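Coordinates from my_file-v4.pdb are shown below (PDB, C-alpha atoms).
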```pdb
ATOM      1  CA  MET N   1     -19.722  15.637 -12.458  1.00  0.00           C
ATOM      2  CA  ASP N   2     -23.464  16.250 -12.792  1.00  0.00           C
ATOM      3  CA  ALA N   3     -25.405  19.203 -11.396  1.00  0.00           C
ATOM      4  CA  ARG N   4     -26.332  17.373  -8.189  1.00  0.00           C
ATOM      5  CA  GLU N   5     -22.699  16.568  -7.434  1.00  0.00           C
ATOM      6  CA  LYS N   6     -21.648  20.128  -8.216  1.00  0.00           C
ATOM      7  CA  LEU N   7     -24.219  21.444  -5.772  1.00  0.00           C
ATOM      8  CA  LYS N   8     -23.031  18.976  -3.129  1.00  0.00           C
ATOM      9  CA  THR N   9     -19.467  20.216  -3.679  1.00  0.00           C
ATOM     10  CA  LEU N  10     -20.495  23.852  -3.374  1.00  0.00           C
ATOM     11  CA  ILE N  11     -22.549  23.200  -0.246  1.00  0.00           C
ATOM     12  CA  ARG N  12     -19.627  21.363   1.348  1.00  0.00           C
ATOM     13  CA  GLU N  13     -17.147  24.115   0.448  1.00  0.00           C
ATOM     14  CA  TYR N  14     -19.385  27.099   1.196  1.00  0.00           C
ATOM     15  CA  GLY N  15     -21.387  26.740   4.369  1.00  0.00           C
ATOM     16  CA  GLY N  16     -21.839  23.022   5.023  1.00  0.00           C
ATOM     17  CA  THR N  17     -25.650  22.985   4.792  1.00  0.00           C
ATOM     18  CA  GLN N  18     -28.235  23.741   2.098  1.00  0.00           C
ATOM     19  CA  LYS N  19     -29.694  26.506   4.267  1.00  0.00           C
ATOM     20  CA  VAL N  20     -26.390  28.337   4.767  1.00  0.00           C
ATOM     21  CA  PHE N  21     -25.412  27.965   1.116  1.00  0.00           C
ATOM     22  CA  ALA N  22     -28.847  29.168  -0.030  1.00  0.00           C
ATOM     23  CA  SER N  23     -28.568  32.269   2.162  1.00  0.00           C
ATOM     24  CA  MET N  24     -25.084  32.933   0.817  1.00  0.00           C
ATOM     25  CA  ILE N  25     -26.254  33.041  -2.810  1.00  0.00           C
ATOM     26  CA  GLY N  26     -29.557  34.820  -2.113  1.00  0.00           C
ATOM     27  CA  THR N  27     -32.099  32.035  -2.439  1.00  0.00           C
ATOM     28  CA  THR N  28     -33.907  29.521  -0.193  1.00  0.00           C
ATOM     29  CA  GLN N  29     -33.162  26.022   1.052  1.00  0.00           C
ATOM     30  CA  PRO N  30     -36.218  24.511  -0.737  1.00  0.00           C
ATOM     31  CA  THR N  31     -34.948  26.006  -3.998  1.00  0.00           C
ATOM     32  CA  ILE N  32     -31.556  24.314  -3.541  1.00  0.00           C
ATOM     33  CA  ALA N  33     -33.300  21.043  -2.687  1.00  0.00           C
ATOM     34  CA  ASN N  34     -35.388  21.360  -5.846  1.00  0.00           C
ATOM     35  CA  TRP N  35     -32.292  21.914  -8.004  1.00  0.00           C
ATOM     36  CA  MET N  36     -30.744  18.797  -6.510  1.00  0.00           C
ATOM     37  CA  ALA N  37     -33.899  16.727  -7.006  1.00  0.00           C
ATOM     38  CA  GLN N  38     -34.069  17.799 -10.665  1.00  0.00           C
ATOM     39  CA  ASN N  39     -30.291  17.370 -11.078  1.00  0.00           C
ATOM     40  CA  GLN N  40     -30.188  20.745 -12.801  1.00  0.00           C
ATOM     41  CA  ILE N  41     -29.017  24.258 -11.986  1.00  0.00           C
ATOM     42  CA  PRO N  42     -31.251  26.682 -13.920  1.00  0.00           C
ATOM     43  CA  ASP N  43     -29.824  29.713 -15.678  1.00  0.00           C
ATOM     44  CA  GLY N  44     -31.024  31.961 -12.858  1.00  0.00           C
ATOM     45  CA  GLY N  45     -29.293  29.727 -10.312  1.00  0.00           C
ATOM     46  CA  VAL N  46     -26.046  29.822 -12.270  1.00  0.00           C
ATOM     47  CA  ALA N  47     -26.256  33.623 -12.301  1.00  0.00           C
ATOM     48  CA  LYS N  48     -26.847  33.764  -8.537  1.00  0.00           C
ATOM     49  CA  ILE N  49     -23.897  31.477  -7.818  1.00  0.00           C
ATOM     50  CA  CYS N  50     -21.543  33.370 -10.138  1.00  0.00           C
ATOM     51  CA  GLN N  51     -22.549  36.691  -8.592  1.00  0.00           C
ATOM     52  CA  ALA N  52     -22.156  35.533  -4.977  1.00  0.00           C
ATOM     53  CA  LEU N  53     -19.097  33.325  -5.525  1.00  0.00           C
ATOM     54  CA  PRO N  54     -16.914  34.970  -8.168  1.00  0.00           C
ATOM     55  CA  GLU N  55     -14.215  32.293  -7.899  1.00  0.00           C
ATOM     56  CA  VAL N  56     -16.706  29.622  -9.076  1.00  0.00           C
ATOM     57  CA  SER N  57     -16.693  29.929 -12.845  1.00  0.00           C
ATOM     58  CA  PHE N  58     -19.622  29.910 -15.212  1.00  0.00           C
ATOM     59  CA  GLU N  59     -17.754  27.349 -17.326  1.00  0.00           C
ATOM     60  CA  TRP N  60     -17.525  24.869 -14.436  1.00  0.00           C
ATOM     61  CA  LEU N  61     -21.168  25.307 -13.493  1.00  0.00           C
ATOM     62  CA  THR N  62     -22.229  24.648 -17.069  1.00  0.00           C
ATOM     63  CA  GLY N  63     -19.923  21.669 -17.568  1.00  0.00           C
ATOM     64  CA  GLN N  64     -17.181  23.231 -19.645  1.00  0.00           C
ATOM     65  CA  GLU N  65     -14.215  22.939 -17.249  1.00  0.00           C
ATOM     66  CA  GLU N  66     -13.018  21.534 -13.923  1.00  0.00           C
ATOM     67  CA  MET N  67     -13.667  23.473 -10.735  1.00  0.00           C
ATOM     68  CA  PRO N  68     -10.891  26.006 -10.043  1.00  0.00           C
ATOM     69  CA  ARG N  69      -8.990  25.816  -6.760  1.00  0.00           C
ATOM     70  CA  ARG N  70     -10.789  27.707  -4.025  1.00  0.00           C
ATOM     71  CA  GLY N  71      -9.234  30.350  -1.796  1.00  0.00           C
ATOM     72  CA  TYR N  72      -6.393  32.774  -2.399  1.00  0.00           C
ATOM     73  CA  GLN N  73      -4.149  32.309  -5.401  1.00  0.00           C
ATOM     74  CA  ASP N  74      -0.414  31.799  -4.938  1.00  0.00           C
ATOM     75  CA  THR N  75       1.961  33.831  -7.058  1.00  0.00           C
ATOM     76  CA  ASN N  76       5.688  34.498  -7.039  1.00  0.00           C
ATOM     77  CA  TYR N  77       5.228  37.951  -8.572  1.00  0.00           C
ATOM     78  CA  THR N  78       7.419  40.233  -6.453  1.00  0.00           C
ATOM     79  CA  SER N  79       7.632  43.580  -8.252  1.00  0.00           C
ATOM     80  CA  VAL N  80       6.614  46.543  -6.096  1.00  0.00           C
ATOM     81  CA  ALA N  81       7.547  49.271  -8.521  1.00  0.00           C
ATOM     82  CA  PRO N  82       5.367  52.404  -8.387  1.00  0.00           C
ATOM     83  CA  MET N  83       2.906  51.502 -11.149  1.00  0.00           C
ATOM     84  CA  ALA N  84      -0.829  51.362 -11.703  1.00  0.00           C
ATOM     85  CA  GLY N  85      -2.339  48.737  -9.428  1.00  0.00           C
ATOM     86  CA  ALA N  86      -3.495  48.205  -5.857  1.00  0.00           C
ATOM     87  CA  ALA N  87      -1.900  50.069  -2.984  1.00  0.00           C
ATOM     88  CA  TYR N  88       0.821  48.172  -1.111  1.00  0.00           C
ATOM     89  CA  TYR N  89       0.965  49.303   2.527  1.00  0.00           C
ATOM     90  CA  SER N  90       4.583  48.343   3.099  1.00  0.00           C
ATOM     91  CA  ARG N  91       4.772  50.170   6.458  1.00  0.00           C
ATOM     92  CA  MET N  92       1.470  48.794   7.807  1.00  0.00           C
ATOM     93  CA  PRO N  93       1.948  45.050   8.363  1.00  0.00           C
ATOM     94  CA  ALA N  94      -0.838  42.535   8.850  1.00  0.00           C
ATOM     95  CA  SER N  95      -0.265  40.582  12.020  1.00  0.00           C
ATOM     96  CA  ALA N  96       0.017  36.805  11.945  1.00  0.00           C
ATOM     97  CA  GLY N  97       1.277  36.894  15.517  1.00  0.00           C
ATOM     98  CA  GLN N  98       1.819  39.609  18.091  1.00  0.00           C
ATOM     99  CA  LEU N  99       2.298  43.165  16.854  1.00  0.00           C
ATOM    100  CA  GLU N 100       2.234  46.486  18.645  1.00  0.00           C
ATOM    101  CA  MET N 101       0.404  49.056  16.545  1.00  0.00           C
ATOM    102  CA  GLY N 102       1.602  52.594  16.947  1.00  0.00           C
ATOM    103  CA  ASP N 103       1.939  55.665  14.773  1.00  0.00           C
ATOM    104  CA  GLU N 104       2.858  54.396  11.342  1.00  0.00           C
ATOM    105  CA  ASP N 105       4.144  55.720   8.066  1.00  0.00           C
ATOM    106  CA  VAL N 106       1.314  54.872   5.666  1.00  0.00           C
ATOM    107  CA  THR N 107       3.157  55.888   2.511  1.00  0.00           C
ATOM    108  CA  THR N 108       2.305  53.273  -0.099  1.00  0.00           C
ATOM    109  CA  GLU N 109       3.873  51.667  -3.105  1.00  0.00           C
ATOM    110  CA  ARG N 110       1.758  49.839  -5.679  1.00  0.00           C
ATOM    111  CA  ILE N 111       1.555  46.280  -6.959  1.00  0.00           C
ATOM    112  CA  ALA N 112      -0.048  45.367 -10.269  1.00  0.00           C
ATOM    113  CA  ILE N 113      -0.815  41.738 -11.139  1.00  0.00           C
ATOM    114  CA  PRO N 114      -2.782  41.262 -14.363  1.00  0.00           C
ATOM    115  CA  GLY N 115      -6.236  39.797 -13.807  1.00  0.00           C
ATOM    116  CA  MET N 116      -6.082  40.075 -10.005  1.00  0.00           C
ATOM    117  CA  GLU N 117      -8.986  41.967  -8.396  1.00  0.00           C
ATOM    118  CA  VAL N 118      -7.450  43.262  -5.168  1.00  0.00           C
ATOM    119  CA  ASP N 119      -8.242  46.317  -3.033  1.00  0.00           C
ATOM    120  CA  ALA N 120      -4.829  46.473  -1.346  1.00  0.00           C
ATOM    121  CA  TYR N 121      -1.729  44.504  -0.345  1.00  0.00           C
ATOM    122  CA  PHE N 122      -0.203  44.154   3.102  1.00  0.00           C
ATOM    123  CA  PRO N 123       3.057  42.566   4.277  1.00  0.00           C
ATOM    124  CA  VAL N 124       2.720  39.816   6.886  1.00  0.00           C
ATOM    125  CA  VAL N 125       4.579  39.648  10.199  1.00  0.00           C
ATOM    126  CA  GLY N 126       4.439  36.866  12.797  1.00  0.00           C
ATOM    127  CA  ASN N 127       4.073  33.106  12.539  1.00  0.00           C
ATOM    128  CA  SER N 128       0.521  32.296  13.662  1.00  0.00           C
ATOM    129  CA  MET N 129      -0.511  31.351  10.106  1.00  0.00           C
ATOM    130  CA  ASP N 130       2.463  29.037   9.477  1.00  0.00           C
ATOM    131  CA  PRO N 131       2.812  27.032   7.315  1.00  0.00           C
ATOM    132  CA  THR N 132       0.081  28.500   5.083  1.00  0.00           C
ATOM    133  CA  ILE N 133       1.261  32.110   5.190  1.00  0.00           C
ATOM    134  CA  LEU N 134       4.759  33.022   6.391  1.00  0.00           C
ATOM    135  CA  SER N 135       6.228  36.143   7.909  1.00  0.00           C
ATOM    136  CA  GLY N 136       7.531  38.252   5.044  1.00  0.00           C
ATOM    137  CA  ASP N 137       4.830  37.166   2.602  1.00  0.00           C
ATOM    138  CA  ILE N 138       2.433  39.707   1.102  1.00  0.00           C
ATOM    139  CA  VAL N 139      -1.333  39.173   1.028  1.00  0.00           C
ATOM    140  CA  GLY N 140      -3.735  40.741  -1.428  1.00  0.00           C
ATOM    141  CA  ILE N 141      -7.138  41.480   0.080  1.00  0.00           C
ATOM    142  CA  ARG N 142     -10.654  42.358  -1.047  1.00  0.00           C
ATOM    143  CA  LYS N 143     -13.177  44.050   1.247  1.00  0.00           C
ATOM    144  CA  LEU N 144     -16.418  42.369   2.324  1.00  0.00           C
ATOM    145  CA  ASP N 145     -19.558  44.447   2.630  1.00  0.00           C
ATOM    146  CA  SER N 146     -21.028  42.416   5.519  1.00  0.00           C
ATOM    147  CA  PHE N 147     -20.306  39.555   7.919  1.00  0.00           C
ATOM    148  CA  ASP N 148     -22.758  37.468   5.882  1.00  0.00           C
ATOM    149  CA  ARG N 149     -20.176  37.346   3.088  1.00  0.00           C
ATOM    150  CA  ILE N 150     -17.686  35.437   5.251  1.00  0.00           C
ATOM    151  CA  ARG N 151     -17.194  31.900   3.922  1.00  0.00           C
ATOM    152  CA  PRO N 152     -16.266  29.149   6.374  1.00  0.00           C
ATOM    153  CA  ASN N 153     -12.562  28.258   6.630  1.00  0.00           C
ATOM    154  CA  ASP N 154     -11.267  31.044   4.387  1.00  0.00           C
ATOM    155  CA  ILE N 155      -8.547  33.450   5.547  1.00  0.00           C
ATOM    156  CA  TYR N 156      -9.355  37.085   6.339  1.00  0.00           C
ATOM    157  CA  LEU N 157      -7.617  40.247   7.420  1.00  0.00           C
ATOM    158  CA  VAL N 158      -9.670  41.633  10.303  1.00  0.00           C
ATOM    159  CA  PHE N 159      -9.361  45.317  11.201  1.00  0.00           C
ATOM    160  CA  THR N 160     -10.463  46.424  14.668  1.00  0.00           C
ATOM    161  CA  ARG N 161     -11.368  49.877  15.938  1.00  0.00           C
ATOM    162  CA  ASP N 162      -8.182  49.738  18.051  1.00  0.00           C
ATOM    163  CA  ASN N 163      -6.134  49.673  14.808  1.00  0.00           C
ATOM    164  CA  GLU N 164      -5.237  45.988  15.007  1.00  0.00           C
ATOM    165  CA  ARG N 165      -4.853  44.059  11.757  1.00  0.00           C
ATOM    166  CA  MET N 166      -5.136  40.310  12.334  1.00  0.00           C
ATOM    167  CA  LEU N 167      -4.703  37.742   9.577  1.00  0.00           C
ATOM    168  CA  LYS N 168      -6.770  34.746  10.666  1.00  0.00           C
ATOM    169  CA  ARG N 169      -9.024  31.968   9.483  1.00  0.00           C
ATOM    170  CA  ILE N 170     -12.751  32.239  10.244  1.00  0.00           C
ATOM    171  CA  LYS N 171     -14.442  28.840  10.362  1.00  0.00           C
ATOM    172  CA  GLY N 172     -18.037  29.976  10.506  1.00  0.00           C
ATOM    173  CA  VAL N 173     -20.341  32.847  11.393  1.00  0.00           C
ATOM    174  CA  ASN N 174     -23.256  32.676  13.807  1.00  0.00           C
ATOM    175  CA  GLY N 175     -25.559  35.537  12.940  1.00  0.00           C
ATOM    176  CA  GLN N 176     -26.910  35.631  16.500  1.00  0.00           C
ATOM    177  CA  SER N 177     -23.496  35.715  18.173  1.00  0.00           C
ATOM    178  CA  PRO N 178     -21.973  39.081  19.143  1.00  0.00           C
ATOM    179  CA  THR N 179     -18.482  37.715  18.397  1.00  0.00           C
ATOM    180  CA  LEU N 180     -16.368  36.196  15.637  1.00  0.00           C
ATOM    181  CA  THR N 181     -13.949  33.402  16.496  1.00  0.00           C
ATOM    182  CA  LEU N 182     -10.544  33.769  14.846  1.00  0.00           C
ATOM    183  CA  TYR N 183      -8.269  30.775  14.241  1.00  0.00           C
ATOM    184  CA  SER N 184      -4.572  30.385  13.468  1.00  0.00           C
ATOM    185  CA  ASP N 185      -3.097  27.665  11.246  1.00  0.00           C
ATOM    186  CA  ASN N 186      -0.154  27.335  13.627  1.00  0.00           C
ATOM    187  CA  PRO N 187      -1.340  24.899  16.362  1.00  0.00           C
ATOM    188  CA  ALA N 188       0.699  26.771  18.952  1.00  0.00           C
ATOM    189  CA  TYR N 189      -1.900  29.558  18.869  1.00  0.00           C
ATOM    190  CA  ASP N 190      -5.349  29.143  20.419  1.00  0.00           C
ATOM    191  CA  PRO N 191      -8.568  30.482  18.833  1.00  0.00           C
ATOM    192  CA  PHE N 192      -9.999  33.643  20.343  1.00  0.00           C
ATOM    193  CA  ASP N 193     -13.160  35.739  20.075  1.00  0.00           C
ATOM    194  CA  VAL N 194     -13.505  39.339  18.925  1.00  0.00           C
ATOM    195  CA  LEU N 195     -16.648  41.393  19.439  1.00  0.00           C
ATOM    196  CA  LYS N 196     -18.269  42.234  16.112  1.00  0.00           C
ATOM    197  CA  GLU N 197     -18.904  45.771  17.341  1.00  0.00           C
ATOM    198  CA  GLN N 198     -15.125  46.193  17.729  1.00  0.00           C
ATOM    199  CA  ILE N 199     -14.460  45.176  14.106  1.00  0.00           C
ATOM    200  CA  SER N 200     -14.198  48.043  11.654  1.00  0.00           C
ATOM    201  CA  ALA N 201     -13.666  46.012   8.460  1.00  0.00           C
ATOM    202  CA  VAL N 202     -13.101  42.469   7.195  1.00  0.00           C
ATOM    203  CA  TYR N 203     -11.113  41.693   4.057  1.00  0.00           C
ATOM    204  CA  LYS N 204     -10.825  38.312   2.332  1.00  0.00           C
ATOM    205  CA  ALA N 205      -7.288  37.151   1.481  1.00  0.00           C
ATOM    206  CA  VAL N 206      -7.482  36.515  -2.259  1.00  0.00           C
ATOM    207  CA  CYS N 207      -3.831  36.147  -3.250  1.00  0.00           C
ATOM    208  CA  LEU N 208      -0.456  35.484  -1.694  1.00  0.00           C
ATOM    209  CA  ILE N 209       2.935  36.752  -2.818  1.00  0.00           C
ATOM    210  CA  ARG N 210       5.595  34.487  -1.356  1.00  0.00           C
ATOM    211  CA  ASN N 211       8.821  36.030  -0.129  1.00  0.00           C
ATOM    212  CA  LEU N 212      11.350  33.802  -1.930  1.00  0.00           C
TER     213      LEU N 212
END
```
Show me this structure written as structure tokens.
Amino acid sequence: MDAREKLKTLIREYGGTQKVFASMIGTTQPTIANWMAQNQIPDGGVAKICQALPEVSFEWLTGQEEMPRRGYQDTNYTSVAPMAGAAYYSRMPASAGQLEMGDEDVTTERIAIPGMEVDAYFPVVGNSMDPTILSGDIVGIRKLDSFDRIRPNDIYLVFTRDNERMLKRIKGVNGQSPTLTLYSDNPAYDPFDVLKEQISAVYKAVCLIRNL
């Protein structure tokens, strides 16, 4: 796969247009068009892509390996022993369905998976993300610093100021819109909008621990 095809793949997977992809990696649409015309990603472009999209490897961009699978990484690692690692909020489930949030015991355990950069882990309840994520699974999440970091079609854990925690797919972000539209993988659930001003934090789902 040459540089032009790699750029086409990245644009398709991250944003859908040259303009959106350029904004995501901190450059301009004419710059992306120039890279494609020259069939070359310069060293500075490789650095920008690797910084903005950590799951896209330097080796793939420079022709040394195949592109890794995008999205969260599946694992069957199930140990929740109290060890060094990310906090596991076993009493604070992420909702993939309907969940009443009340006063909760936030005592945490810890999960450590070598090589996994995760801020925290949450158990999943509900079936709105079936068959991708099942009730009883555990998701590892990493915090985003702005809505601009949301990548179309990835899965996120959305925290609201009303203490809701909703595990949903976000298919795109309109910077002018006051809302985000959240989608379920289970077709029985309809998409719905949430006001951005009501969202306290957004975390990307980066790994999944399956409840075997």
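Here the PyMOL selection byres ((chain N and resi 134-150) around 6) catches exactly these residues: Val118, Asp119, Ala120, Tyr121, Phe122, Pro123, Val124, Val125, Gly126, Asn127, Asp130, Ile133, Arg151, Val202, Tyr203, Lys204, Ala205, Val206, Cys207, Leu208, Ile209, Arg210 and Asn211 of chain N.
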*Pick the closest to Met166 of chain N from N:Ala37, N:Met129, N:Met116, N:Leu61: which is it, counting all atoms listed in the file?*
N:Met129
*From the set N:Gln198, N:Ala22, N:Arg12, N:Arg110, which residue has the shortest atom-to-atom contact distance to Ala52 of chain N, counting only C-alpha atoms?*
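Of N:Gln198, N:Ala22, N:Arg12, N:Arg110, the one nearest Ala52 of chain N, counting only C-alpha atoms, is N:Ala22.
Residue nearest Ser23 of chain N within the list N:Ala201, N:Val46, N:Ile11, N:Ile41: N:Ile11 [criterion: smallest interatomic distance, all atoms listed in the file].
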*atom CA of Ile32 of chain N and atom CA of Lys171 of chain N are how many Å apart?*
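Computed distance, atom CA of Ile32 of chain N to atom CA of Lys171 of chain N, equals 22.5 Å.
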Take every atom of segment 112-116 of chain N listed in the file, pad by 6 Å on each side, and give me the axis-aligned box centre and edge lengths in Å, one decimal, as lines of an AutoDock Vina configuration file.
```
center_x = -3.1
center_y = 42.6
center_z = -12.2
size_x = 18.2
size_y = 17.6
size_z = 16.4
```
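All residues of protein, DNA or RNA that reach within 7 Å of Leu195 of chain N, judged by all atoms listed in the file and not counting those fewer than 5 positions away in the chain, are Pro178, Thr179 and Leu180 of chain N.
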*Residues near segment 184-188 of chain N, cut-off 8 Å, only C-alpha atoms, skip fewer than 2 positions along chain, as number ranges by chain*: N: 127-132, 168-169, 182, 190-191
*Got a sec to resolve the PyMOL selection byres ((chain N and resi 17) around 12) on this structure and send the residues as a ChimeraX atom specification?*
/N:7-16,18-24,28-29,32-33,152,172
Produce a file of the selected residues containing C-alpha atoms, as a tab-separated table (two decimals), keeping the file's coordinate frame.
```tsv
chain	number	residue	atom	x	y	z
N	7	LEU	CA	-24.22	21.44	-5.77
N	8	LYS	CA	-23.03	18.98	-3.13
N	9	THR	CA	-19.47	20.22	-3.68
N	10	LEU	CA	-20.50	23.85	-3.37
N	11	ILE	CA	-22.55	23.20	-0.25
N	12	ARG	CA	-19.63	21.36	1.35
N	13	GLU	CA	-17.15	24.12	0.45
N	14	TYR	CA	-19.39	27.10	1.20
N	15	GLY	CA	-21.39	26.74	4.37
N	16	GLY	CA	-21.84	23.02	5.02
N	18	GLN	CA	-28.24	23.74	2.10
N	19	LYS	CA	-29.69	26.51	4.27
N	20	VAL	CA	-26.39	28.34	4.77
N	21	PHE	CA	-25.41	27.96	1.12
N	22	ALA	CA	-28.85	29.17	-0.03
N	23	SER	CA	-28.57	32.27	2.16
N	24	MET	CA	-25.08	32.93	0.82
N	28	THR	CA	-33.91	29.52	-0.19
N	29	GLN	CA	-33.16	26.02	1.05
N	32	ILE	CA	-31.56	24.31	-3.54
N	33	ALA	CA	-33.30	21.04	-2.69
N	152	PRO	CA	-16.27	29.15	6.37
N	172	GLY	CA	-18.04	29.98	10.51
```
*What does the PyMOL selection byres ((chain N and resi 165) around 6) select in this file, as a ChimeraX atom specification?*
/N:94-95,158-159,164,166
_Atom-to-atom span, atom CA of Gly63 of chain N and atom CA of Met1 of chain N, Å_ =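 Here the two named atoms are 7.9 Å from each other.
Note that atom CA of Tyr183 of chain N and atom CA of Asn163 of chain N are 19.0 Å apart.
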*With only C-alpha atoms as the basis for distance, which of N:Asn174, N:Ser57, N:Ser200, N:Thr31 is at the shortest distance from Gly44 of chain N?*
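Comparing N:Asn174, N:Ser57, N:Ser200, N:Thr31 against Gly44 of chain N, the winner is N:Thr31.
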